[in-house]
file query-v1.txt (compact mmCIF, N, CA and C atoms)
# COMPACT_ATOMS: atom_id res chain seq x y z
N MET W 1475 16.72 10.14 14.20
CA MET W 1475 16.44 8.84 13.63
C MET W 1475 16.37 7.84 14.78
N ILE W 1476 15.40 6.95 14.71
CA ILE W 1476 15.19 5.95 15.77
C ILE W 1476 15.19 4.57 15.13
N PHE W 1477 15.85 3.63 15.75
CA PHE W 1477 15.82 2.25 15.29
C PHE W 1477 14.90 1.46 16.19
N GLU W 1478 13.89 0.81 15.63
CA GLU W 1478 12.94 0.00 16.40
C GLU W 1478 13.13 -1.46 16.04
N GLU W 1479 13.08 -2.30 17.03
CA GLU W 1479 13.19 -3.74 16.84
C GLU W 1479 11.98 -4.39 17.48
N CYS W 1480 11.47 -5.45 16.90
CA CYS W 1480 10.35 -6.13 17.54
C CYS W 1480 10.44 -7.62 17.29
N GLU W 1481 9.84 -8.36 18.19
CA GLU W 1481 9.78 -9.81 18.07
C GLU W 1481 8.62 -10.17 17.15
N GLU W 1482 8.67 -11.34 16.57
CA GLU W 1482 7.62 -11.80 15.65
C GLU W 1482 6.24 -11.73 16.27
N ASP W 1483 6.11 -12.08 17.55
CA ASP W 1483 4.80 -12.10 18.20
C ASP W 1483 4.29 -10.70 18.56
N GLN W 1484 5.09 -9.65 18.34
CA GLN W 1484 4.65 -8.29 18.63
C GLN W 1484 3.97 -7.65 17.43
N ARG W 1485 4.08 -8.24 16.26
CA ARG W 1485 3.50 -7.64 15.06
C ARG W 1485 2.03 -8.01 14.94
N GLY W 1486 1.28 -7.13 14.29
CA GLY W 1486 -0.12 -7.41 13.99
C GLY W 1486 -0.99 -7.37 15.23
N ALA W 1487 -1.94 -8.28 15.29
CA ALA W 1487 -2.89 -8.31 16.41
C ALA W 1487 -2.15 -8.42 17.72
N GLY W 1488 -2.55 -7.59 18.67
CA GLY W 1488 -1.92 -7.60 19.98
C GLY W 1488 -0.69 -6.71 20.06
N GLY W 1489 -0.04 -6.50 18.94
CA GLY W 1489 1.15 -5.66 18.93
C GLY W 1489 0.92 -4.33 18.24
N GLY W 1490 -0.29 -4.11 17.76
CA GLY W 1490 -0.58 -2.84 17.08
C GLY W 1490 0.25 -2.70 15.83
N ASP W 1491 0.80 -1.51 15.66
CA ASP W 1491 1.56 -1.26 14.44
C ASP W 1491 3.07 -1.31 14.67
N LEU W 1492 3.50 -1.98 15.73
CA LEU W 1492 4.92 -2.05 16.04
C LEU W 1492 5.63 -2.90 14.98
N LEU W 1493 6.53 -2.27 14.26
CA LEU W 1493 7.30 -2.95 13.24
C LEU W 1493 8.77 -2.62 13.42
N ALA W 1494 9.62 -3.57 13.10
CA ALA W 1494 11.04 -3.29 13.12
C ALA W 1494 11.34 -2.34 11.98
N GLY W 1495 12.28 -1.43 12.18
CA GLY W 1495 12.64 -0.54 11.09
C GLY W 1495 13.35 0.70 11.58
N ILE W 1496 13.65 1.57 10.65
CA ILE W 1496 14.28 2.84 10.96
C ILE W 1496 13.25 3.93 10.75
N TYR W 1497 13.04 4.73 11.78
CA TYR W 1497 12.06 5.80 11.71
C TYR W 1497 12.79 7.12 11.49
N TYR W 1498 12.32 7.93 10.55
CA TYR W 1498 12.98 9.16 10.14
C TYR W 1498 11.91 10.23 9.92
N PRO W 1499 12.32 11.49 9.84
CA PRO W 1499 11.33 12.54 9.58
C PRO W 1499 10.56 12.24 8.30
N GLY W 1500 9.25 12.35 8.33
CA GLY W 1500 8.42 12.03 7.17
C GLY W 1500 7.86 10.62 7.23
N CYS W 1501 8.47 9.77 8.02
CA CYS W 1501 8.03 8.39 8.14
C CYS W 1501 6.67 8.29 8.82
N GLU W 1502 6.37 9.25 9.70
CA GLU W 1502 5.12 9.21 10.46
C GLU W 1502 3.90 9.25 9.53
N THR W 1503 3.93 10.10 8.51
CA THR W 1503 2.82 10.19 7.56
C THR W 1503 2.62 8.86 6.85
N GLU W 1504 3.71 8.26 6.39
CA GLU W 1504 3.63 6.97 5.71
C GLU W 1504 3.07 5.91 6.65
N SER W 1505 3.52 5.93 7.90
CA SER W 1505 3.05 4.97 8.88
C SER W 1505 1.55 5.14 9.14
N ASP W 1506 1.10 6.40 9.25
CA ASP W 1506 -0.33 6.67 9.45
C ASP W 1506 -1.15 6.16 8.28
N ILE W 1507 -0.65 6.38 7.07
CA ILE W 1507 -1.38 5.93 5.88
C ILE W 1507 -1.44 4.41 5.84
N LEU W 1508 -0.33 3.74 6.16
CA LEU W 1508 -0.33 2.27 6.19
C LEU W 1508 -1.28 1.75 7.27
N ASN W 1509 -1.29 2.39 8.44
CA ASN W 1509 -2.21 1.97 9.50
C ASN W 1509 -3.65 2.09 9.03
N THR W 1510 -3.99 3.21 8.41
CA THR W 1510 -5.35 3.40 7.89
C THR W 1510 -5.65 2.37 6.81
N PHE W 1511 -4.69 2.17 5.90
CA PHE W 1511 -4.87 1.22 4.80
C PHE W 1511 -5.14 -0.19 5.33
N PHE W 1512 -4.27 -0.67 6.24
CA PHE W 1512 -4.45 -2.02 6.77
C PHE W 1512 -5.74 -2.14 7.58
N GLY W 1513 -6.04 -1.15 8.41
CA GLY W 1513 -7.25 -1.20 9.22
C GLY W 1513 -8.52 -1.18 8.38
N ALA W 1514 -8.56 -0.27 7.40
CA ALA W 1514 -9.74 -0.16 6.55
C ALA W 1514 -9.92 -1.40 5.68
N MET W 1515 -8.82 -1.92 5.15
CA MET W 1515 -8.93 -3.12 4.31
C MET W 1515 -9.37 -4.32 5.14
N HIS W 1516 -8.79 -4.46 6.32
CA HIS W 1516 -9.15 -5.58 7.19
C HIS W 1516 -10.63 -5.53 7.57
N ASN W 1517 -11.12 -4.33 7.87
CA ASN W 1517 -12.53 -4.16 8.26
C ASN W 1517 -13.45 -3.93 7.07
N LYS W 1518 -12.87 -3.90 5.86
CA LYS W 1518 -13.63 -3.62 4.63
C LYS W 1518 -14.43 -2.33 4.79
N ASP W 1519 -13.78 -1.32 5.36
CA ASP W 1519 -14.39 -0.02 5.64
C ASP W 1519 -14.02 0.95 4.53
N ARG W 1520 -14.90 1.04 3.54
CA ARG W 1520 -14.60 1.86 2.37
C ARG W 1520 -14.52 3.35 2.72
N GLU W 1521 -15.36 3.82 3.63
CA GLU W 1521 -15.32 5.23 4.01
C GLU W 1521 -13.97 5.61 4.60
N GLU W 1522 -13.46 4.78 5.48
CA GLU W 1522 -12.15 5.06 6.07
C GLU W 1522 -11.06 4.98 5.02
N LEU W 1523 -11.16 4.01 4.13
CA LEU W 1523 -10.17 3.84 3.07
C LEU W 1523 -10.13 5.08 2.17
N GLU W 1524 -11.28 5.67 1.91
CA GLU W 1524 -11.33 6.85 1.04
C GLU W 1524 -10.58 8.04 1.62
N THR W 1525 -10.36 8.08 2.93
CA THR W 1525 -9.67 9.21 3.55
C THR W 1525 -8.20 9.30 3.17
N ILE W 1526 -7.63 8.22 2.63
CA ILE W 1526 -6.21 8.25 2.28
C ILE W 1526 -5.97 8.39 0.78
N PHE W 1527 -7.05 8.55 0.00
CA PHE W 1527 -6.91 8.70 -1.45
C PHE W 1527 -7.06 10.16 -1.86
N SER W 1528 -6.38 10.54 -2.94
CA SER W 1528 -6.40 11.91 -3.44
C SER W 1528 -7.79 12.25 -3.98
N ASN W 1529 -8.08 13.54 -4.04
CA ASN W 1529 -9.36 14.01 -4.60
C ASN W 1529 -9.52 13.54 -6.03
N GLU W 1530 -8.44 13.63 -6.81
CA GLU W 1530 -8.49 13.23 -8.22
C GLU W 1530 -8.86 11.75 -8.35
N PHE W 1531 -8.30 10.92 -7.50
CA PHE W 1531 -8.62 9.49 -7.51
C PHE W 1531 -10.12 9.30 -7.23
N LEU W 1532 -10.62 9.97 -6.18
CA LEU W 1532 -12.01 9.80 -5.76
C LEU W 1532 -13.02 10.37 -6.76
N GLU W 1533 -12.55 11.27 -7.64
CA GLU W 1533 -13.43 11.84 -8.67
C GLU W 1533 -13.46 10.98 -9.93
N ASP W 1534 -12.64 9.94 -10.01
CA ASP W 1534 -12.58 9.07 -11.18
C ASP W 1534 -13.49 7.86 -10.94
N PRO W 1535 -14.63 7.77 -11.67
CA PRO W 1535 -15.59 6.68 -11.44
C PRO W 1535 -14.98 5.28 -11.61
N GLU W 1536 -14.06 5.11 -12.57
CA GLU W 1536 -13.44 3.80 -12.80
C GLU W 1536 -12.56 3.41 -11.63
N ALA W 1537 -11.81 4.38 -11.09
CA ALA W 1537 -10.94 4.12 -9.94
C ALA W 1537 -11.77 3.72 -8.73
N VAL W 1538 -12.86 4.43 -8.49
CA VAL W 1538 -13.73 4.14 -7.35
C VAL W 1538 -14.38 2.76 -7.51
N LYS W 1539 -14.78 2.42 -8.73
CA LYS W 1539 -15.37 1.10 -8.99
C LYS W 1539 -14.36 -0.01 -8.70
N ASN W 1540 -13.11 0.21 -9.11
CA ASN W 1540 -12.07 -0.79 -8.87
C ASN W 1540 -11.71 -0.90 -7.40
N MET W 1541 -12.01 0.14 -6.60
CA MET W 1541 -11.73 0.07 -5.17
C MET W 1541 -12.54 -1.07 -4.53
N ASP W 1542 -13.80 -1.22 -4.94
CA ASP W 1542 -14.63 -2.31 -4.40
C ASP W 1542 -14.03 -3.67 -4.77
N LYS W 1543 -13.59 -3.80 -6.01
CA LYS W 1543 -12.97 -5.04 -6.47
C LYS W 1543 -11.69 -5.32 -5.67
N PHE W 1544 -10.90 -4.26 -5.43
CA PHE W 1544 -9.66 -4.39 -4.67
C PHE W 1544 -9.94 -4.84 -3.24
N ILE W 1545 -10.95 -4.24 -2.61
CA ILE W 1545 -11.30 -4.59 -1.23
C ILE W 1545 -11.73 -6.05 -1.14
N GLU W 1546 -12.51 -6.51 -2.12
CA GLU W 1546 -12.96 -7.91 -2.11
C GLU W 1546 -11.82 -8.89 -2.36
N ARG W 1547 -10.89 -8.50 -3.22
CA ARG W 1547 -9.81 -9.41 -3.63
C ARG W 1547 -8.68 -9.50 -2.60
N TYR W 1548 -8.36 -8.37 -1.96
CA TYR W 1548 -7.25 -8.33 -1.02
C TYR W 1548 -7.75 -7.83 0.33
N THR W 1549 -7.43 -8.54 1.38
CA THR W 1549 -7.72 -8.07 2.73
C THR W 1549 -6.44 -8.17 3.55
N PRO W 1550 -5.49 -7.26 3.27
CA PRO W 1550 -4.22 -7.34 3.97
C PRO W 1550 -4.33 -6.95 5.43
N SER W 1551 -3.47 -7.52 6.24
CA SER W 1551 -3.36 -7.13 7.63
C SER W 1551 -1.88 -7.17 7.99
N TYR W 1552 -1.53 -6.51 9.10
CA TYR W 1552 -0.13 -6.50 9.51
C TYR W 1552 0.40 -7.91 9.73
N SER W 1553 -0.46 -8.82 10.14
CA SER W 1553 0.02 -10.19 10.40
C SER W 1553 0.44 -10.89 9.11
N ASN W 1554 -0.03 -10.41 7.94
CA ASN W 1554 0.36 -10.98 6.65
C ASN W 1554 1.54 -10.26 6.01
N LEU W 1555 2.03 -9.20 6.65
CA LEU W 1555 3.08 -8.39 6.07
C LEU W 1555 4.43 -9.11 6.09
N LEU W 1556 5.02 -9.29 4.90
CA LEU W 1556 6.35 -9.89 4.79
C LEU W 1556 7.41 -8.81 4.67
N ALA W 1557 7.13 -7.78 3.87
CA ALA W 1557 8.12 -6.73 3.63
C ALA W 1557 7.41 -5.45 3.24
N ALA W 1558 8.07 -4.33 3.50
CA ALA W 1558 7.58 -3.03 3.04
C ALA W 1558 8.79 -2.16 2.76
N TRP W 1559 8.74 -1.42 1.66
CA TRP W 1559 9.82 -0.51 1.34
C TRP W 1559 9.26 0.66 0.55
N GLU W 1560 10.06 1.72 0.46
CA GLU W 1560 9.64 2.92 -0.26
C GLU W 1560 10.55 3.14 -1.45
N VAL W 1561 9.94 3.51 -2.58
CA VAL W 1561 10.71 3.86 -3.77
C VAL W 1561 9.93 4.92 -4.54
N ASN W 1562 10.57 6.03 -4.84
CA ASN W 1562 9.97 7.09 -5.67
C ASN W 1562 8.55 7.45 -5.28
N ASP W 1563 8.34 7.94 -4.08
CA ASP W 1563 7.02 8.37 -3.60
C ASP W 1563 6.00 7.23 -3.60
N THR W 1564 6.46 6.03 -3.42
CA THR W 1564 5.59 4.85 -3.46
C THR W 1564 5.97 3.92 -2.31
N ILE W 1565 4.97 3.41 -1.60
CA ILE W 1565 5.20 2.39 -0.58
C ILE W 1565 4.77 1.05 -1.19
N CYS W 1566 5.68 0.10 -1.17
CA CYS W 1566 5.38 -1.24 -1.69
C CYS W 1566 5.34 -2.21 -0.52
N ILE W 1567 4.34 -3.06 -0.51
CA ILE W 1567 4.22 -4.06 0.54
C ILE W 1567 4.09 -5.44 -0.08
N GLN W 1568 4.67 -6.42 0.57
CA GLN W 1568 4.53 -7.81 0.15
C GLN W 1568 3.78 -8.54 1.24
N LEU W 1569 2.78 -9.28 0.84
CA LEU W 1569 1.92 -9.97 1.79
C LEU W 1569 2.11 -11.47 1.72
N ARG W 1570 2.04 -12.10 2.86
CA ARG W 1570 2.23 -13.54 2.99
C ARG W 1570 1.13 -14.32 2.29
N ARG W 1571 -0.11 -13.88 2.40
CA ARG W 1571 -1.25 -14.67 1.95
C ARG W 1571 -1.53 -14.57 0.45
N PHE W 1572 -0.96 -13.57 -0.20
CA PHE W 1572 -1.24 -13.35 -1.61
C PHE W 1572 0.06 -13.38 -2.39
N ASP W 1573 -0.01 -13.85 -3.63
CA ASP W 1573 1.16 -13.80 -4.51
C ASP W 1573 1.21 -12.42 -5.14
N ALA W 1574 1.39 -11.41 -4.30
CA ALA W 1574 1.31 -10.05 -4.81
C ALA W 1574 2.17 -9.07 -4.03
N PHE W 1575 2.64 -8.06 -4.75
CA PHE W 1575 3.20 -6.86 -4.16
C PHE W 1575 2.15 -5.78 -4.40
N ILE W 1576 1.78 -5.06 -3.38
CA ILE W 1576 0.81 -3.97 -3.52
C ILE W 1576 1.57 -2.67 -3.33
N CYS W 1577 1.55 -1.82 -4.36
CA CYS W 1577 2.31 -0.57 -4.34
C CYS W 1577 1.35 0.61 -4.30
N LEU W 1578 1.49 1.43 -3.27
CA LEU W 1578 0.64 2.60 -3.06
C LEU W 1578 1.44 3.83 -3.47
N HIS W 1579 1.02 4.48 -4.55
CA HIS W 1579 1.76 5.64 -5.08
C HIS W 1579 1.11 6.92 -4.58
N PHE W 1580 1.93 7.84 -4.07
CA PHE W 1580 1.43 9.10 -3.53
C PHE W 1580 1.24 10.15 -4.61
N ASP W 1581 0.22 10.96 -4.44
CA ASP W 1581 -0.14 12.01 -5.38
C ASP W 1581 0.94 13.09 -5.39
N ASN W 1582 1.19 13.68 -6.56
CA ASN W 1582 2.20 14.74 -6.68
C ASN W 1582 1.76 16.04 -6.01
N LYS W 1583 0.44 16.31 -6.00
CA LYS W 1583 -0.06 17.55 -5.40
C LYS W 1583 -0.44 17.35 -3.94
N GLN W 1584 -1.22 16.32 -3.67
CA GLN W 1584 -1.61 15.98 -2.29
C GLN W 1584 -0.66 14.89 -1.82
N THR W 1585 0.50 15.28 -1.33
CA THR W 1585 1.57 14.32 -1.07
C THR W 1585 1.28 13.36 0.07
N ASP W 1586 0.23 13.63 0.85
CA ASP W 1586 -0.14 12.71 1.92
C ASP W 1586 -1.32 11.83 1.53
N LYS W 1587 -1.62 11.76 0.23
CA LYS W 1587 -2.75 10.97 -0.27
C LYS W 1587 -2.26 10.03 -1.37
N ILE W 1588 -2.95 8.92 -1.53
CA ILE W 1588 -2.61 7.92 -2.55
C ILE W 1588 -3.35 8.27 -3.84
N SER W 1589 -2.62 8.27 -4.97
CA SER W 1589 -3.25 8.56 -6.25
C SER W 1589 -3.46 7.30 -7.09
N SER W 1590 -2.68 6.25 -6.82
CA SER W 1590 -2.87 5.02 -7.57
C SER W 1590 -2.32 3.83 -6.79
N ILE W 1591 -2.85 2.67 -7.13
CA ILE W 1591 -2.37 1.41 -6.57
C ILE W 1591 -2.04 0.51 -7.75
N ARG W 1592 -0.87 -0.09 -7.71
CA ARG W 1592 -0.50 -1.06 -8.73
C ARG W 1592 -0.18 -2.36 -8.00
N VAL W 1593 -0.80 -3.44 -8.45
CA VAL W 1593 -0.57 -4.76 -7.87
C VAL W 1593 0.30 -5.55 -8.84
N PHE W 1594 1.43 -6.03 -8.34
CA PHE W 1594 2.34 -6.84 -9.14
C PHE W 1594 2.23 -8.29 -8.70
N ASP W 1595 2.34 -9.21 -9.63
CA ASP W 1595 2.34 -10.64 -9.35
C ASP W 1595 3.72 -11.01 -8.82
N SER W 1596 3.80 -11.49 -7.59
CA SER W 1596 5.10 -11.80 -6.99
C SER W 1596 5.73 -13.08 -7.53
N THR W 1597 4.99 -13.83 -8.36
CA THR W 1597 5.59 -15.01 -8.98
C THR W 1597 6.41 -14.62 -10.21
N THR W 1598 6.18 -13.40 -10.76
CA THR W 1598 6.92 -12.96 -11.94
C THR W 1598 7.74 -11.70 -11.69
N GLU W 1599 7.50 -11.00 -10.60
CA GLU W 1599 8.22 -9.76 -10.28
C GLU W 1599 8.94 -9.93 -8.94
N ASP W 1600 9.93 -9.09 -8.70
CA ASP W 1600 10.62 -9.08 -7.42
C ASP W 1600 10.88 -7.63 -7.00
N GLU W 1601 11.44 -7.45 -5.80
CA GLU W 1601 11.67 -6.11 -5.28
C GLU W 1601 12.54 -5.28 -6.22
N GLU W 1602 13.54 -5.90 -6.83
CA GLU W 1602 14.44 -5.16 -7.71
C GLU W 1602 13.71 -4.64 -8.95
N SER W 1603 12.92 -5.49 -9.60
CA SER W 1603 12.21 -5.04 -10.80
C SER W 1603 11.16 -3.98 -10.47
N ILE W 1604 10.51 -4.12 -9.32
CA ILE W 1604 9.51 -3.13 -8.91
C ILE W 1604 10.20 -1.80 -8.58
N SER W 1605 11.36 -1.85 -7.98
CA SER W 1605 12.09 -0.63 -7.64
C SER W 1605 12.51 0.16 -8.88
N ARG W 1606 12.62 -0.50 -10.02
CA ARG W 1606 12.97 0.19 -11.28
C ARG W 1606 11.74 0.73 -12.00
N TYR W 1607 10.55 0.33 -11.57
CA TYR W 1607 9.31 0.73 -12.24
C TYR W 1607 9.04 2.23 -12.02
N ASP W 1608 8.60 2.93 -13.07
CA ASP W 1608 8.28 4.36 -12.97
C ASP W 1608 6.79 4.51 -12.64
N PHE W 1609 6.48 4.69 -11.36
CA PHE W 1609 5.09 4.79 -10.91
C PHE W 1609 4.43 6.08 -11.39
N ASN W 1610 5.23 7.08 -11.75
CA ASN W 1610 4.67 8.34 -12.24
C ASN W 1610 3.97 8.19 -13.59
N GLN W 1611 4.26 7.11 -14.31
CA GLN W 1611 3.61 6.89 -15.60
C GLN W 1611 2.20 6.32 -15.46
N ASP W 1612 1.87 5.81 -14.28
CA ASP W 1612 0.55 5.21 -14.07
C ASP W 1612 -0.54 6.27 -14.08
N GLU W 1613 -1.67 5.87 -14.60
CA GLU W 1613 -2.86 6.72 -14.53
C GLU W 1613 -3.51 6.55 -13.17
N MET W 1614 -4.40 7.46 -12.87
CA MET W 1614 -5.15 7.41 -11.62
C MET W 1614 -5.89 6.08 -11.55
N GLY W 1615 -5.93 5.46 -10.39
CA GLY W 1615 -6.74 4.26 -10.24
C GLY W 1615 -6.00 3.08 -9.67
N ILE W 1616 -6.57 1.91 -9.89
CA ILE W 1616 -6.03 0.66 -9.36
C ILE W 1616 -5.77 -0.27 -10.53
N ASP W 1617 -4.55 -0.77 -10.63
CA ASP W 1617 -4.16 -1.65 -11.72
C ASP W 1617 -3.84 -3.03 -11.15
N PHE W 1618 -4.56 -4.04 -11.64
CA PHE W 1618 -4.37 -5.42 -11.19
C PHE W 1618 -3.54 -6.19 -12.21
N PRO W 1619 -2.82 -7.24 -11.79
CA PRO W 1619 -2.11 -8.07 -12.76
C PRO W 1619 -3.11 -8.83 -13.62
N ASP W 1620 -2.68 -9.19 -14.84
CA ASP W 1620 -3.56 -9.94 -15.76
C ASP W 1620 -3.88 -11.31 -15.23
call {"tool": "encode", "arguments": {"input": "query-v1.txt", "output": "structure tokens"}}
result
Amino acid sequence: MIFEECEEDQRGAGGGDLLAGIYYPGCETESDILNTFFGAMHNKDREELETIFSNEFLEDPEAVKNMDKFIERYTPSYSNLLAAWEVNDTICIQLRRFDAFICLHFDNKQTDKISSIRVFDSTTEDEESISRYDFNQDEMGIDFPD
């Protein structure tokens, strides 16, 4: 286990993916997926973004259609990252620029791929309520707040 610390000016542009935190076995895959997610979203690179989604997700026309909507609506970058945590095979991130928590749920079969994204409104939800949410009940795809 490794503990990493970084200064505010080391995050995001110029600092790459350096984030404060505790690194543990298995963390590398999550870190790679987040790097791809942030890079592809920032560059609006749909092809690169598709590399981190499960086959089942990519075979669902509604999920793929919502991916375009998601890319247009959210363009997260490490510089906007306020918090990130893991709960039940899901990485949740909170972004500075949006009133949203974006939760990336990993597929049960392809454990290194995302099967669904759920966006929570951060004005009505918090980390505690999201941590109690059962992401396994979600269907394939991207779910936006009303």
call {"tool": "atom_distance", "arguments": {"input": "query-v1.txt", "atom1": "atom N of W:Ser1589", "atom2": "atom N of W:Asp1573"}}
result
22.3 Å
call {"tool": "closest_residue", "arguments": {"input": "query-v1.txt", "among": "W:Phe1609, W:Glu1546, W:Ala1557, W:Thr1598", "to": "W:Lys1518", "atoms": "all atoms listed in the file"}}
result
W:Glu1546
call {"tool": "closest_residue", "arguments": {"input": "query-v1.txt", "among": "W:Glu1530, W:Asn1554, W:Leu1578, W:Arg1520", "to": "W:Leu1508", "atoms": "only C-alpha atoms"}}
result
W:Leu1578
call {"tool": "closest_residue", "arguments": {"input": "query-v1.txt", "among": "W:Ser1528, W:Asn1562, W:Thr1549, W:Ser1605", "to": "W:Ser1590", "atoms": "only C-alpha atoms"}}
result
W:Ser1528
call {"tool": "closest_residue", "arguments": {"input": "query-v1.txt", "among": "W:Ile1507, W:Ile1604, W:Leu1556, W:Ile1526", "to": "W:Gln1568", "atoms": "only N, CA and C atoms"}}
result
W:Leu1556
call {"tool": "select_by_dssp", "arguments": {"input": "query-v1.txt", "residues": "stretch 1525-1573 of chain W", "states": "helix (DSSP H, G or I)", "output": "PyMOL selection string"}}
result
chain W and resi 1529-1532+1535-1547+1552-1554
call {"tool": "closest_residue", "arguments": {"input": "query-v1.txt", "among": "W:Cys1566, W:Ala1574, W:Leu1532, W:Ala1514", "to": "W:Thr1597", "atoms": "all atoms listed in the file"}}
result
W:Ala1574
call {"tool": "atom_distance", "arguments": {"input": "query-v1.txt", "atom1": "atom CA of W:Gln1584", "atom2": "atom CA of W:Thr1525"}}
result
12.0 Å
call {"tool": "atom_distance", "arguments": {"input": "query-v1.txt", "atom1": "atom CA of W:Asp1612", "atom2": "atom CA of W:Leu1523"}}
result
20.3 Å
call {"tool": "closest_residue", "arguments": {"input": "query-v1.txt", "among": "W:Ser1505, W:Ser1553, W:Thr1564, W:Asn1582", "to": "W:Asn1529", "atoms": "only C-alpha atoms"}}
result
W:Asn1582
call {"tool": "select_by_dssp", "arguments": {"input": "query-v1.txt", "residues": "stretch 1509-1604 of chain W", "states": "strand (DSSP E or B)", "output": "PyMOL selection string"}}
result
chain W and resi 1527+1555-1561+1564-1569+1574-1580+1588-1595
call {"tool": "write_last_selection", "arguments": {"input": "query-v1.txt", "atoms": "N, CA and C atoms", "output": "CSV table (one decimal), in the coordinates of the input"}}
result
chain,number,residue,atom,x,y,z
W,1527,PHE,N,-7.0,8.6,0.0
W,1527,PHE,CA,-6.9,8.7,-1.4
W,1527,PHE,C,-7.1,10.2,-1.9
W,1555,LEU,N,2.0,-9.2,6.6
W,1555,LEU,CA,3.1,-8.4,6.1
W,1555,LEU,C,4.4,-9.1,6.1
W,1556,LEU,N,5.0,-9.3,4.9
W,1556,LEU,CA,6.4,-9.9,4.8
W,1556,LEU,C,7.4,-8.8,4.7
W,1557,ALA,N,7.1,-7.8,3.9
W,1557,ALA,CA,8.1,-6.7,3.6
W,1557,ALA,C,7.4,-5.4,3.2
W,1558,ALA,N,8.1,-4.3,3.5
W,1558,ALA,CA,7.6,-3.0,3.0
W,1558,ALA,C,8.8,-2.2,2.8
W,1559,TRP,N,8.7,-1.4,1.7
W,1559,TRP,CA,9.8,-0.5,1.3
W,1559,TRP,C,9.3,0.7,0.6
W,1560,GLU,N,10.1,1.7,0.5
W,1560,GLU,CA,9.6,2.9,-0.3
W,1560,GLU,C,10.6,3.1,-1.4
W,1561,VAL,N,9.9,3.5,-2.6
W,1561,VAL,CA,10.7,3.9,-3.8
W,1561,VAL,C,9.9,4.9,-4.5
W,1564,THR,N,6.5,6.0,-3.4
W,1564,THR,CA,5.6,4.8,-3.5
W,1564,THR,C,6.0,3.9,-2.3
W,1565,ILE,N,5.0,3.4,-1.6
W,1565,ILE,CA,5.2,2.4,-0.6
W,1565,ILE,C,4.8,1.0,-1.2
W,1566,CYS,N,5.7,0.1,-1.2
W,1566,CYS,CA,5.4,-1.2,-1.7
W,1566,CYS,C,5.3,-2.2,-0.5
W,1567,ILE,N,4.3,-3.1,-0.5
W,1567,ILE,CA,4.2,-4.1,0.5
W,1567,ILE,C,4.1,-5.4,-0.1
W,1568,GLN,N,4.7,-6.4,0.6
W,1568,GLN,CA,4.5,-7.8,0.2
W,1568,GLN,C,3.8,-8.5,1.2
W,1569,LEU,N,2.8,-9.3,0.8
W,1569,LEU,CA,1.9,-10.0,1.8
W,1569,LEU,C,2.1,-11.5,1.7
W,1574,ALA,N,1.4,-11.4,-4.3
W,1574,ALA,CA,1.3,-10.0,-4.8
W,1574,ALA,C,2.2,-9.1,-4.0
W,1575,PHE,N,2.6,-8.1,-4.8
W,1575,PHE,CA,3.2,-6.9,-4.2
W,1575,PHE,C,2.2,-5.8,-4.4
W,1576,ILE,N,1.8,-5.1,-3.4
W,1576,ILE,CA,0.8,-4.0,-3.5
W,1576,ILE,C,1.6,-2.7,-3.3
W,1577,CYS,N,1.6,-1.8,-4.4
W,1577,CYS,CA,2.3,-0.6,-4.3
W,1577,CYS,C,1.4,0.6,-4.3
W,1578,LEU,N,1.5,1.4,-3.3
W,1578,LEU,CA,0.6,2.6,-3.1
W,1578,LEU,C,1.4,3.8,-3.5
W,1579,HIS,N,1.0,4.5,-4.6
W,1579,HIS,CA,1.8,5.6,-5.1
W,1579,HIS,C,1.1,6.9,-4.6
W,1580,PHE,N,1.9,7.8,-4.1
W,1580,PHE,CA,1.4,9.1,-3.5
W,1580,PHE,C,1.2,10.2,-4.6
W,1588,ILE,N,-3.0,8.9,-1.5
W,1588,ILE,CA,-2.6,7.9,-2.6
W,1588,ILE,C,-3.4,8.3,-3.8
W,1589,SER,N,-2.6,8.3,-5.0
W,1589,SER,CA,-3.2,8.6,-6.2
W,1589,SER,C,-3.5,7.3,-7.1
W,1590,SER,N,-2.7,6.2,-6.8
W,1590,SER,CA,-2.9,5.0,-7.6
W,1590,SER,C,-2.3,3.8,-6.8
W,1591,ILE,N,-2.8,2.7,-7.1
W,1591,ILE,CA,-2.4,1.4,-6.6
W,1591,ILE,C,-2.0,0.5,-7.8
W,1592,ARG,N,-0.9,-0.1,-7.7
W,1592,ARG,CA,-0.5,-1.1,-8.7
W,1592,ARG,C,-0.2,-2.4,-8.0
W,1593,VAL,N,-0.8,-3.4,-8.4
W,1593,VAL,CA,-0.6,-4.8,-7.9
W,1593,VAL,C,0.3,-5.6,-8.8
W,1594,PHE,N,1.4,-6.0,-8.3
W,1594,PHE,CA,2.3,-6.8,-9.1
W,1594,PHE,C,2.2,-8.3,-8.7
W,1595,ASP,N,2.3,-9.2,-9.6
W,1595,ASP,CA,2.3,-10.6,-9.4
W,1595,ASP,C,3.7,-11.0,-8.8
